[in-house]
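Student: Before I ask anything, here is the structure I am working with.
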Amino acid sequence: MKPELLAPAGSPEALQAALAYGADALYLGGKSFGARAFAANFSLEELAESVKAAHLLGANVYVTVNTLIYQHELAELRAFLSELVKLQVDGVLVQDLGVIRIIQNEFESLRLHASTQMNLHNQAGLNFAHDNGFVRIVLGRECSLKEIKSWQRHDLELEVFVQGSLCFCYSGACSLSFSAGGRSANRGACAQPCRLPYRLFINDKQITTQGDYLLSPKDLYTADRLEPLIEAGIGAFKIEGRMKKPEYVAAAVRLYRSAIDNITKHQDTDLTGFTADLKQVYHRGFTGGYLFEDPNWIGLTQPNHQGKPIGVITKIDKGRMQVKLSEPLRQSDGIRIITKNKEVGFMVNRLYVKELLANTGNPGQEVWLKAEPEVAVGDIVYKTLDSQLNLALLKEIKANPRRVDITMEYEIEVGKPLRLTLNDGVHQVMVEGDVVQKARKAPWTRDLLQSHLDKVKDSVYRMTSISGSLGEDCFFPVATLNTLRTKAIQKLDEVRLKRPVNTPFKAVLKEPKPLVSLPYDCLIQVETKAQAAMVQKLGLPVIHEDLQTADILALRQINEHSVYPKAKAVLIHSHGDLLQSYPQKIASSTLYAANSEALKFLAAYGVSGAVLPYELDNDDARLLAEATKKELPGFTLYQQVYGRVQLMIAKHCCIKQALSLPECQTCHQSACKLLTRDNRELLILGDMDCHMRLFGEVQTAKQIVGKPFFRFVDETPQTVKEILEAYLKAAGAK
C-alpha cells in the first residue's frame, strides 16, 4: 500500500510548494476555526482557488475546523461548513463535539477526520471514532508503533505525523498557553510556553538539570524508517508545519516524497542531501519521538532552530570578529552564536575576505563580520538561514511546475467530425468538432498536427504522446483545431474536478437520551484519600480516581480505561469512555463542551452534566447556560469556583529525566514544581499511571452559571474543610 503524503499549507505560497514537490494531499485552514490562528490561512476565495488547483493535480484537500467552538460562533460555523460542501473538500478535521454533531446532522456529505486535538490514543478512541462515522483518525503523537499495530481499526484510515514539531502535552489537553497569557491552544492561538526555560524544584530545592528547556521537544524525524509504518498499514504520513515558511514545506515534502518512493517504487534516491537541506531550513534537533519510543526527545539546551555549524570565532578586534569557516557563508545568510550567557543572531550584510568586501566566504577561509559585544574567541557560529538554498527551493517551483501526464489520440477523416481523445491514466474524455473537408491545396500533415496539439503549457498537463489516424487530403481551419483542443482540456478538467460523493453517515445517536437528574448541588474532586474522608465527613459528594467508596469515580484520562461495573456515577475525561454504560455520567472539563451542540452530543451518550471548560469566559458561559436551559432542559452545568487547573498531562516526566530514573514516585512523595521565568509556580503531580500532570496556581472564581465545582490537589484536609465550610455557610445564607 502506498501511503498518502500529507503536507501543511499555512499560506497559498506554502500550498504551491507542497504541490510542486509532490504532496498527495494538503491540510489547510480558513480564516476561522483552524488550530493555527496565526498562520496566513485562506479566505473563501483563496480556498476555492486552492481546492481547484489541488484537485486538478490529483491532490486531496483537508480543511481544519479543529478549534473549540463557542455558543456565539455556531451560526458562523454553519455558514463555513456550507461553503466547504460547495467546494467539495475531501475531508474536515474536527475536535469539537458540537462540530461533529452538526456535520452528522446537517452536512453529511463532509468526510470526518478526527484531528490530533481530539487526543484519540487508544482502542477506546478508535471505537468512538468508528461509532461516529469518522473516515480517518489523526493519531496522537504519543502513540507508539507497537500500540498502533495492536489495535482493531474497523474500517478507519490511520494518519500519523512523521515530521515536525511535537507537543510536550497530550494533544488537545493543554491549557498552559491560556494560563500564561490568555492565548488558547484549543482556539488555535498557542504561544508555545513549552519552549521557555523552567527551573525544577523538589521540596523547595532547585535540581540541577542538563538544560533549562525542560518541556521543549525536539522535532520528529522518520524519513529513514518509514518502511515499518507502511508495513503496519498506516495510510497517511503527515508533515507538521502550517506556521512554517514555504521553503520548509518544500524541503520536507521533497525529502519524504523521495523516501516514500524509494520504498514503494523501489527507487534509490540518496536522502542524505535532502535531510541536510531540511535541517538547514529548520530543525530543533531530530528524534523518533514516541512513535519509535525514542527516549532522547527533549531539547534541553535549545528550543529553537539549531541551524548548522559553519565555523568558529578565532579573533575579535574593534567591533569585528574573525571566523574560520568550515562551510560556505554568503551575504544575506543568517547566523547565530551561542555565547556563555546568551545567544545572538543577525543577517550577514557585509562579509570581508582578506579585508576585501566579498559576496561569499568558502570553507577554510577566514572572514570578518561585525561582532556583538557578548561573543568570544572559541564560540561556534551556526548558519540559521541559507539564502542560496531558500532561493533554489522556491525557484524550482516555478522552473518545474507539477504536471499531469496525458496522452492524446486524434481521428481525422474527410467527411467525418474531427475527434480528439485525452487520457490521464485514470480518466478519458472525447470531443468532436466540425466535419473535416477535403483539402484544395495543402492538407494537414502529422508534423503540423503535432505542433498545434502539443500546446498545453497553459494548463496543468504535460503531453507525453500524440498519435492517431489522419486520412488523405484533410482540411479544417487552425482555429477549429485550437478550439477543439481547448474544449478537450476543459472537459478533462471537469472530470478531474469531480469528487466521489461521500456516503452520508446516519448517526447512531441523533438525539439526546432522557436526562438522568443529578442529585449533586456541587462537585468536589480530590487527589488523596484524606481529602476524600474530609469531604464525606462534611456530607458532600466526592470525586476520586481510585477510591471505591467515592460518590463519583473519576475515570482515567489517558490509556486503556478500566470498567467499574459497580460505579453509580462517573466523571468522564476521554471520548472513548462515552461508550461505557453507567447510571450517571458527568463530562469533565477536558471534554471541552463549550456550546449547546456539544452538550447535545454528550447527552446522546447518557451524559447528564458537564464541567465547563476552564477557558470559557463569563459572557460565553452565560450564553451557553441560556442555550442549555432552552435546548436541553435538565442538563446540569458545573463551573469551577476553587482550585488548581490541570494545565498539562504528558507521557514524559521531566523529574525522571532530571534524576535519570527509569521509574519513580518522587512527585507522590515530595513537593515538586516548576518555576517559570516570572516565578510562577506550576505543581507537578503524577497520576496513577505515572503521567506527568502540571497544575497552575490556586484560583478562585465567582460562580456565574450552574453549580460549583471544587478541585483539591495538594491542600491539607484542614484547608479542604475550611473552604467547604465557607461554601456551606454561604449556600445556607441564600
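Residue names in the C-alpha cells use chain letters A, B, ... in the order shown, residue numbers from 1 in each chain, and ligand numbers from 1 in the order shown.
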So which residues touch A:Glu494 within 12 Å, counting only C-alpha atoms, skipping near sequence neighbours fewer than 2 positions away, as a list in words?

Tutor: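 Counting only C-alpha atoms, the residues come to Lys52, His55, Leu56, His427, Gln428, Val429, Lys487, Ala488, Ile489, Gln490, Lys491, Leu492, Arg496, Leu497, Lys498 and Arg499 of chain A.
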
Student: At a cut-off of 8 Å, can you tabulate as CSV every residue of stretch 282-401 of chain A near stretch 13-30 of chain A together with its closest atom pair and the distance in Å to one decimal, using only C-alpha atoms and ordering rows by chain then number?

Tutor:
residue,atom,partner,partner_atom,distance
A:Leu394,CA,A:Ala17,CA,7.4
A:Ile397,CA,A:Ala20,CA,5.6
A:Asn400,CA,A:Ala20,CA,7.7
A:Pro401,CA,A:Ala20,CA,5.6

Student: Do a neighbour search on A:Gly273 at 12 Å with only C-alpha atoms, toss out local chain neighbours closer than 4 positions, and write the hits as an MDAnalysis selection string.

Tutor: chainID A and resid 251:252 254:255 258 269 277:280 389

Student: Given the choices A:Ile207, A:Leu220, A:Val51, A:Ile316, which gets closest to A:Gly285 if the distance is worked out from only C-alpha atoms?

Tutor: A:Leu220

Student: Considering only C-alpha atoms, can you say which of A:Val436, A:Leu156, A:Ala392, A:Val162 comes closest to A:His130?

Tutor: A:Leu156

Student: Write out as a PyMOL selection string which residues come within 9 Å of A:Leu77 when counting only C-alpha atoms, dropping same-chain ones fewer than 2 positions away.

Tutor: chain A and resi 32-33+65+69+73-75+79-82+99

Student: Using only C-alpha atoms, find the one residue out of A:Leu484, A:Leu523, A:Gly415, A:Ser469 that sits nearest to A:His452.

Tutor: A:Leu484

Student: Please indicate the distance in Å from atom CA of A:Leu120 to atom CA of A:Gly686, rounded to one decimal place.

Tutor: 20.5 Å

Student: Would you pick out the contacts of A:Lys146 at 12 Å or less, using only C-alpha atoms, so that residues sharing its chain but fewer than 5 positions from it are not included, and give the list as a tab-separated table (two decimals) with all heavy atoms, in the first residue's frame?

Tutor:
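Result file is result_28.tsv:
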chain	number	residue	atom	x	y	z
A	122	ASN	N	-5.99	5.41	21.90
A	122	ASN	CA	-6.11	4.03	22.34
A	122	ASN	C	-7.27	3.35	21.61
A	122	ASN	O	-7.94	3.95	20.77
A	122	ASN	CB	-6.29	3.95	23.86
A	122	ASN	CG	-7.48	4.78	24.34
A	122	ASN	OD1	-8.39	5.08	23.57
A	122	ASN	ND2	-7.48	5.16	25.60
A	151	TRP	N	-4.06	-2.45	17.67
A	151	TRP	CA	-5.46	-2.02	17.73
A	151	TRP	C	-6.31	-2.61	16.61
A	151	TRP	O	-5.83	-2.82	15.49
A	151	TRP	CB	-5.55	-0.49	17.65
A	151	TRP	CG	-4.94	0.20	18.82
A	151	TRP	CD1	-4.83	-0.28	20.10
A	151	TRP	CD2	-4.33	1.49	18.83
A	151	TRP	NE1	-4.19	0.63	20.90
A	151	TRP	CE2	-3.87	1.74	20.15
A	151	TRP	CE3	-4.12	2.47	17.87
A	151	TRP	CZ2	-3.23	2.90	20.52
A	151	TRP	CZ3	-3.49	3.64	18.22
A	151	TRP	CH2	-3.05	3.85	19.54
A	228	PRO	N	8.57	0.37	8.29
A	228	PRO	CA	7.70	-0.30	9.26
A	228	PRO	C	6.33	0.37	9.40
A	228	PRO	O	5.34	-0.29	9.73
A	228	PRO	CB	8.49	-0.23	10.57
A	228	PRO	CG	9.54	0.81	10.37
A	228	PRO	CD	9.85	0.79	8.91
A	229	LEU	N	6.25	1.67	9.14
A	229	LEU	CA	4.95	2.36	9.18
A	229	LEU	C	4.08	1.91	8.01
A	229	LEU	O	2.88	1.70	8.16
A	229	LEU	CB	5.15	3.87	9.13
A	229	LEU	CG	5.99	4.50	10.25
A	229	LEU	CD1	6.07	6.01	10.05
A	229	LEU	CD2	5.41	4.18	11.61
A	232	ALA	N	2.84	-1.52	8.65
A	232	ALA	CA	1.78	-1.52	9.67
A	232	ALA	C	0.44	-1.07	9.11
A	232	ALA	O	-0.57	-1.08	9.82
A	232	ALA	CB	2.18	-0.63	10.84
A	290	TYR	N	7.72	9.42	20.33
A	290	TYR	CA	7.02	8.29	20.93
A	290	TYR	C	6.71	7.22	19.88
A	290	TYR	O	6.57	6.04	20.21
A	290	TYR	CB	5.71	8.75	21.56
A	290	TYR	CG	5.89	9.55	22.83
A	290	TYR	CD1	5.40	10.84	22.94
A	290	TYR	CD2	6.57	9.01	23.91
A	290	TYR	CE1	5.56	11.57	24.10
A	290	TYR	CE2	6.74	9.74	25.08
A	290	TYR	CZ	6.23	11.01	25.17
A	290	TYR	OH	6.41	11.73	26.32
A	291	LEU	N	6.58	7.64	18.62
A	291	LEU	CA	6.25	6.70	17.56
A	291	LEU	C	7.25	5.55	17.54
A	291	LEU	O	6.88	4.38	17.40
A	291	LEU	CB	6.23	7.43	16.21
A	291	LEU	CG	5.72	6.66	15.00
A	291	LEU	CD1	4.27	6.20	15.21
A	291	LEU	CD2	5.82	7.51	13.75
A	292	PHE	N	8.53	5.89	17.71
A	292	PHE	CA	9.57	4.86	17.72
A	292	PHE	C	10.21	4.73	19.11
A	292	PHE	O	11.33	4.23	19.24
A	292	PHE	CB	10.62	5.17	16.66
A	292	PHE	CG	10.13	4.95	15.26
A	292	PHE	CD1	9.71	6.02	14.48
A	292	PHE	CD2	10.04	3.67	14.73
A	292	PHE	CE1	9.22	5.82	13.20
A	292	PHE	CE2	9.56	3.46	13.45
A	292	PHE	CZ	9.15	4.54	12.68
A	293	GLU	N	9.48	5.19	20.12
A	293	GLU	CA	9.88	5.03	21.53
A	293	GLU	C	11.31	5.50	21.77
A	293	GLU	O	12.11	4.83	22.42
A	293	GLU	CB	9.70	3.57	21.96
A	293	GLU	CG	8.25	3.10	21.81
A	293	GLU	CD	8.04	1.64	22.18
A	293	GLU	OE1	8.08	1.34	23.39
A	293	GLU	OE2	7.83	0.82	21.26

Student: Choose the residue, out of A:Asn349, A:Ser387, A:Gln95, A:Gln210, that has the smallest atom-to-atom separation from A:Gln302; count only C-alpha atoms.

Tutor: A:Gln210

Student: Let me make sure I understand: among A:Glu106, A:Phe201, A:Lys566, A:Ser581, which one has the smallest atom-to-atom distance to A:Cys667 if we use only C-alpha atoms?

Tutor: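 Smallest separation from A:Cys667 among the options: A:Phe201.
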
Student: May I ask which of the residues A:Val160, A:Leu369, A:Leu616, A:Ile202 is the closest one to A:Lys656, counting only C-alpha atoms?

Tutor: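 Checking each candidate against A:Lys656, we get A:Ile202 as the closest.
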
Student: Tell me which protein, DNA and RNA residues are within 12 Å of A:Leu448, counting only C-alpha atoms, leaving out same-chain ones fewer than 2 positions away, and put them as a ChimeraX atom specification.

Tutor: /A:442-446,450-454,466,470,475,478,481

Student: Those residues you just picked out, can you put them in a file as a compact mmCIF listing (two decimals), in the first residue's frame with all heavy atoms?

Tutor:
# COMPACT_ATOMS: atom_id res chain seq x y z
N ALA A 442 -3.00 22.66 -49.53
CA ALA A 442 -2.10 21.96 -48.62
C ALA A 442 -2.89 21.24 -47.54
O ALA A 442 -3.52 21.89 -46.68
CB ALA A 442 -1.12 22.94 -47.98
N PRO A 443 -2.91 19.92 -47.56
CA PRO A 443 -3.61 19.18 -46.50
C PRO A 443 -2.78 19.17 -45.21
O PRO A 443 -1.60 19.50 -45.20
CB PRO A 443 -3.73 17.77 -47.08
CG PRO A 443 -2.53 17.64 -47.96
CD PRO A 443 -2.29 19.01 -48.54
N TRP A 444 -3.43 18.77 -44.12
CA TRP A 444 -2.73 18.64 -42.83
C TRP A 444 -1.76 17.47 -42.85
O TRP A 444 -2.04 16.42 -43.43
CB TRP A 444 -3.74 18.42 -41.69
CG TRP A 444 -4.42 19.69 -41.25
CD1 TRP A 444 -5.54 20.25 -41.76
CD2 TRP A 444 -3.97 20.54 -40.20
NE1 TRP A 444 -5.85 21.42 -41.11
CE2 TRP A 444 -4.90 21.62 -40.12
CE3 TRP A 444 -2.89 20.53 -39.32
CZ2 TRP A 444 -4.79 22.66 -39.20
CZ3 TRP A 444 -2.78 21.56 -38.39
CH2 TRP A 444 -3.71 22.61 -38.33
N THR A 445 -0.61 17.69 -42.22
CA THR A 445 0.37 16.60 -42.06
C THR A 445 0.48 16.26 -40.56
O THR A 445 0.07 17.03 -39.69
CB THR A 445 1.76 17.02 -42.57
OG1 THR A 445 2.25 18.09 -41.73
CG2 THR A 445 1.68 17.47 -44.02
N ARG A 446 1.07 15.09 -40.26
CA ARG A 446 1.22 14.69 -38.85
C ARG A 446 2.12 15.67 -38.08
O ARG A 446 1.86 15.98 -36.92
CB ARG A 446 1.79 13.27 -38.76
CG ARG A 446 0.81 12.22 -39.25
CD ARG A 446 1.36 10.80 -39.03
NE ARG A 446 0.44 9.82 -39.53
CZ ARG A 446 -0.62 9.33 -38.87
NH1 ARG A 446 -0.88 9.78 -37.66
NH2 ARG A 446 -1.40 8.43 -39.42
N GLN A 450 1.01 17.75 -34.84
CA GLN A 450 1.75 17.61 -33.58
C GLN A 450 2.07 18.98 -32.99
O GLN A 450 1.93 19.20 -31.79
CB GLN A 450 3.05 16.84 -33.84
CG GLN A 450 3.93 16.62 -32.63
CD GLN A 450 3.62 15.30 -31.95
OE1 GLN A 450 2.96 14.46 -32.51
NE2 GLN A 450 4.10 15.15 -30.72
N SER A 451 2.51 19.90 -33.82
CA SER A 451 2.93 21.22 -33.33
C SER A 451 1.77 21.99 -32.72
O SER A 451 1.96 22.78 -31.79
CB SER A 451 3.57 22.02 -34.46
OG SER A 451 2.62 22.31 -35.48
N HIS A 452 0.56 21.78 -33.21
CA HIS A 452 -0.60 22.50 -32.69
C HIS A 452 -1.24 21.79 -31.50
O HIS A 452 -1.70 22.44 -30.56
CB HIS A 452 -1.64 22.70 -33.80
CG HIS A 452 -1.26 23.78 -34.78
ND1 HIS A 452 -1.50 25.11 -34.54
CD2 HIS A 452 -0.65 23.71 -36.00
CE1 HIS A 452 -1.05 25.82 -35.56
NE2 HIS A 452 -0.53 25.00 -36.47
N LEU A 453 -1.27 20.47 -31.53
CA LEU A 453 -1.93 19.73 -30.45
C LEU A 453 -1.10 19.70 -29.17
O LEU A 453 -1.63 19.46 -28.09
CB LEU A 453 -2.21 18.29 -30.91
CG LEU A 453 -3.26 18.15 -32.01
CD1 LEU A 453 -3.39 16.68 -32.42
CD2 LEU A 453 -4.62 18.69 -31.56
N ASP A 454 0.19 19.97 -29.28
CA ASP A 454 1.08 19.90 -28.12
C ASP A 454 1.04 21.18 -27.28
O ASP A 454 1.75 21.30 -26.28
CB ASP A 454 2.51 19.63 -28.59
CG ASP A 454 3.38 19.12 -27.46
OD1 ASP A 454 2.84 18.56 -26.49
OD2 ASP A 454 4.62 19.28 -27.53
N ILE A 466 1.31 11.88 -28.69
CA ILE A 466 0.21 12.24 -29.57
C ILE A 466 0.22 11.26 -30.73
O ILE A 466 1.25 11.08 -31.40
CB ILE A 466 0.35 13.68 -30.10
CG1 ILE A 466 0.37 14.68 -28.94
CG2 ILE A 466 -0.78 14.02 -31.08
CD1 ILE A 466 0.66 16.11 -29.39
N LEU A 470 -4.86 9.81 -39.54
CA LEU A 470 -5.03 11.01 -40.37
C LEU A 470 -5.25 10.56 -41.80
O LEU A 470 -4.38 9.95 -42.43
CB LEU A 470 -3.79 11.90 -40.28
CG LEU A 470 -3.77 13.12 -41.20
CD1 LEU A 470 -4.93 14.07 -40.87
CD2 LEU A 470 -2.44 13.86 -41.09
N PHE A 475 -8.70 18.77 -44.51
CA PHE A 475 -8.56 20.21 -44.25
C PHE A 475 -9.60 20.65 -43.21
O PHE A 475 -10.75 20.21 -43.22
CB PHE A 475 -8.76 21.02 -45.53
CG PHE A 475 -8.82 22.50 -45.25
CD1 PHE A 475 -7.65 23.23 -45.00
CD2 PHE A 475 -10.06 23.15 -45.16
CE1 PHE A 475 -7.73 24.58 -44.70
CE2 PHE A 475 -10.11 24.50 -44.87
CZ PHE A 475 -8.94 25.22 -44.64
N VAL A 478 -7.15 26.14 -38.66
CA VAL A 478 -6.33 26.02 -37.45
C VAL A 478 -7.15 26.39 -36.22
O VAL A 478 -7.05 25.76 -35.17
CB VAL A 478 -5.08 26.92 -37.57
CG1 VAL A 478 -4.33 26.97 -36.23
CG2 VAL A 478 -4.17 26.43 -38.67
N LEU A 481 -9.09 23.52 -34.85
CA LEU A 481 -8.27 22.57 -34.08
C LEU A 481 -7.94 23.13 -32.69
O LEU A 481 -8.03 22.42 -31.68
CB LEU A 481 -6.99 22.26 -34.83
CG LEU A 481 -6.09 21.19 -34.18
CD1 LEU A 481 -6.79 19.85 -34.13
CD2 LEU A 481 -4.76 21.08 -34.93
